[in-house]
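Structure record follows, encoded as structure tokens.
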Amino acid sequence: MRRPRWWAELVLIGAVYAAYSCGRLLARGDVDTAVAHGLAILRIEQSLGIDAEHPLNRLFTATPALGVPADFAYASLHYLVTPAVLVWLFRRRPAHYRAARAWLMVSTLLGLIGFTLLPTCPPRLLDAGHGFVDTMAQFSAYGWWGGEASAPRGMGALTNQYAAMPSLHVGWALWCGVMLWRYGRTPLFKAHGVAYPLLTSLVVMGTANHYLLDAVAGAAVMGAGLLLAPYATRLADRIAERVPGRAPGGVIGVESPRNPPLVSGGWETSAGEHIPRQRSAATGADDRSTSAR
């Protein structure tokens, strides 16, 4: 299969991300409902003894050498590493690119459904009595963000702060890790594939942006997306077959049953048809055999 056209991929990914971003804004739920969901998650974790976000948040808050880099990582890597891995796959592993891209997109859309059905207040927005500190607000003087998640100062209205369940920071990082581990050819690539999702999980909890169960849900969404991606790809292929000039995979100009081969001069032939005065390969071979005799 030929590599997809880069500009078509850019348009497709941009359109999906724009739809995802707009969907996050439209999925804003009632604040009281989001707080209730956040407290329910926290109570479940405390009853199971897995509320790891509490000690991590205290550590990041008391140690600027950890808290500040974690804030930078939360505010930037999510939007830099994922596109970089997509470009790397497109250029270096084109045979695996389409399946990987489909997995990422399907999982992202599943995450959007989660934001809509379960708006969740992150730990940093709970009442201070629950023991969480918003490290991004505390260390905002060091970066471009304010007190409204990773949004630049003055642009908090353009983000949905209650889109916490599932954590796509963790989900996308897991996708990046799998790609680096599976298709990286050096130990360094594979080490980054393991470290990046683990680091991201620590960052989202230490900065009080997500609960541990948000991170678990992010991984679960990626698992569901992996299972559903082949079906989405086949559906896209069936749709593409109905578009003139396109073949499965969405590549224009690929020979297919609907696109018979073209010969010089723009003549179009079908199976068993010949241009006038054109001799078949078999006829030519018979002539050469007769001449030899």
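Ligands are numbered from 1 in the order shown, chains are lettered A, B, ... in the order of the structure tokens, and residues start at 1 in each chain.
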
Phe189 in chain A environment, 12 Å, only C-alpha atoms, sequence neighbours closer than 2 positions dropped, as a PyMOL selection string
chain A and resi 85+88+176-187+191-196

Selected residues written out with N, CA and C atoms, as a PDB file, in the first residue's frame:
ATOM      1  N   VAL A  85       5.434  11.683  17.275  1.00  0.00           N
ATOM      2  CA  VAL A  85       5.413  10.240  17.029  1.00  0.00           C
ATOM      3  C   VAL A  85       4.628   9.931  15.753  1.00  0.00           C
ATOM      4  N   TRP A  88       6.921  10.704  12.886  1.00  0.00           N
ATOM      5  CA  TRP A  88       7.959   9.660  12.819  1.00  0.00           C
ATOM      6  C   TRP A  88       7.411   8.395  12.178  1.00  0.00           C
ATOM      7  N   CYS A 176       1.834   6.571  22.525  1.00  0.00           N
ATOM      8  CA  CYS A 176       3.202   6.919  22.119  1.00  0.00           C
ATOM      9  C   CYS A 176       4.189   5.862  22.606  1.00  0.00           C
ATOM     10  N   GLY A 177       4.014   5.419  23.851  1.00  0.00           N
ATOM     11  CA  GLY A 177       4.919   4.418  24.403  1.00  0.00           C
ATOM     12  C   GLY A 177       4.876   3.110  23.640  1.00  0.00           C
ATOM     13  N   VAL A 178       3.674   2.675  23.276  1.00  0.00           N
ATOM     14  CA  VAL A 178       3.541   1.423  22.516  1.00  0.00           C
ATOM     15  C   VAL A 178       4.206   1.567  21.148  1.00  0.00           C
ATOM     16  N   MET A 179       4.008   2.711  20.498  1.00  0.00           N
ATOM     17  CA  MET A 179       4.620   2.917  19.175  1.00  0.00           C
ATOM     18  C   MET A 179       6.150   2.901  19.268  1.00  0.00           C
ATOM     19  N   LEU A 180       6.692   3.582  20.264  1.00  0.00           N
ATOM     20  CA  LEU A 180       8.148   3.637  20.417  1.00  0.00           C
ATOM     21  C   LEU A 180       8.717   2.265  20.768  1.00  0.00           C
ATOM     22  N   TRP A 181       8.017   1.540  21.618  1.00  0.00           N
ATOM     23  CA  TRP A 181       8.503   0.214  22.009  1.00  0.00           C
ATOM     24  C   TRP A 181       8.411  -0.772  20.846  1.00  0.00           C
ATOM     25  N   ARG A 182       7.303  -0.718  20.126  1.00  0.00           N
ATOM     26  CA  ARG A 182       7.075  -1.726  19.089  1.00  0.00           C
ATOM     27  C   ARG A 182       7.892  -1.468  17.823  1.00  0.00           C
ATOM     28  N   TYR A 183       8.022  -0.208  17.439  1.00  0.00           N
ATOM     29  CA  TYR A 183       8.648   0.092  16.153  1.00  0.00           C
ATOM     30  C   TYR A 183      10.015   0.758  16.279  1.00  0.00           C
ATOM     31  N   GLY A 184      10.413   1.120  17.491  1.00  0.00           N
ATOM     32  CA  GLY A 184      11.758   1.643  17.678  1.00  0.00           C
ATOM     33  C   GLY A 184      12.784   0.523  17.573  1.00  0.00           C
ATOM     34  N   ARG A 185      13.898   0.814  16.954  1.00  0.00           N
ATOM     35  CA  ARG A 185      14.881  -0.235  16.701  1.00  0.00           C
ATOM     36  C   ARG A 185      16.092  -0.167  17.633  1.00  0.00           C
ATOM     37  N   THR A 186      16.094   0.783  18.541  1.00  0.00           N
ATOM     38  CA  THR A 186      17.223   0.903  19.454  1.00  0.00           C
ATOM     39  C   THR A 186      16.734   0.806  20.890  1.00  0.00           C
ATOM     40  N   PRO A 187      17.607   0.405  21.803  1.00  0.00           N
ATOM     41  CA  PRO A 187      17.212   0.366  23.224  1.00  0.00           C
ATOM     42  C   PRO A 187      16.736   1.717  23.751  1.00  0.00           C
ATOM     43  N   ALA A 191      13.317   2.358  25.678  1.00  0.00           N
ATOM     44  CA  ALA A 191      13.343   2.903  27.041  1.00  0.00           C
ATOM     45  C   ALA A 191      12.408   4.102  27.150  1.00  0.00           C
ATOM     46  N   HIS A 192      12.417   4.963  26.135  1.00  0.00           N
ATOM     47  CA  HIS A 192      11.488   6.093  26.125  1.00  0.00           C
ATOM     48  C   HIS A 192      10.036   5.606  26.058  1.00  0.00           C
ATOM     49  N   GLY A 193       9.826   4.501  25.324  1.00  0.00           N
ATOM     50  CA  GLY A 193       8.487   3.955  25.229  1.00  0.00           C
ATOM     51  C   GLY A 193       7.931   3.505  26.565  1.00  0.00           C
ATOM     52  N   VAL A 194       8.781   3.042  27.457  1.00  0.00           N
ATOM     53  CA  VAL A 194       8.357   2.635  28.802  1.00  0.00           C
ATOM     54  C   VAL A 194       8.256   3.852  29.719  1.00  0.00           C
ATOM     55  N   ALA A 195       9.243   4.737  29.645  1.00  0.00           N
ATOM     56  CA  ALA A 195       9.330   5.845  30.599  1.00  0.00           C
ATOM     57  C   ALA A 195       8.249   6.908  30.384  1.00  0.00           C
ATOM     58  N   TYR A 196       7.927   7.190  29.127  1.00  0.00           N
ATOM     59  CA  TYR A 196       7.027   8.319  28.867  1.00  0.00           C
ATOM     60  C   TYR A 196       5.632   8.133  29.471  1.00  0.00           C
TER      61      TYR A 196
END

All residues 7 Å or closer to Tyr211 in chain A, only C-alpha atoms, same chain fewer than 5 positions away omitted, as number ranges by chain:
A: 53, 123, 205

Calculate how many Å separate CA of Leu117 in chain A from CA of Leu174 in chain A, rounding to one decimal.
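These atoms are spaced 22.8 Å apart.
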
Please, which residues of range 95-218 of chain A, numbered as in this document, come out helix (DSSP H, G or I) from DSSP, as a ChimeraX atom specification?
/A:95-117,123-125,128-130,135-138,140-142,156-158,168-183,187-206,212-218

Identify which of the residues A:Tyr162, A:Trp103, A:Trp144, A:Tyr97 lies closest to Pro122 in chain A, counting only C-alpha atoms when measuring atom-to-atom distances.
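Counting only C-alpha atoms, the residue closest to Pro122 in chain A is A:Tyr162.
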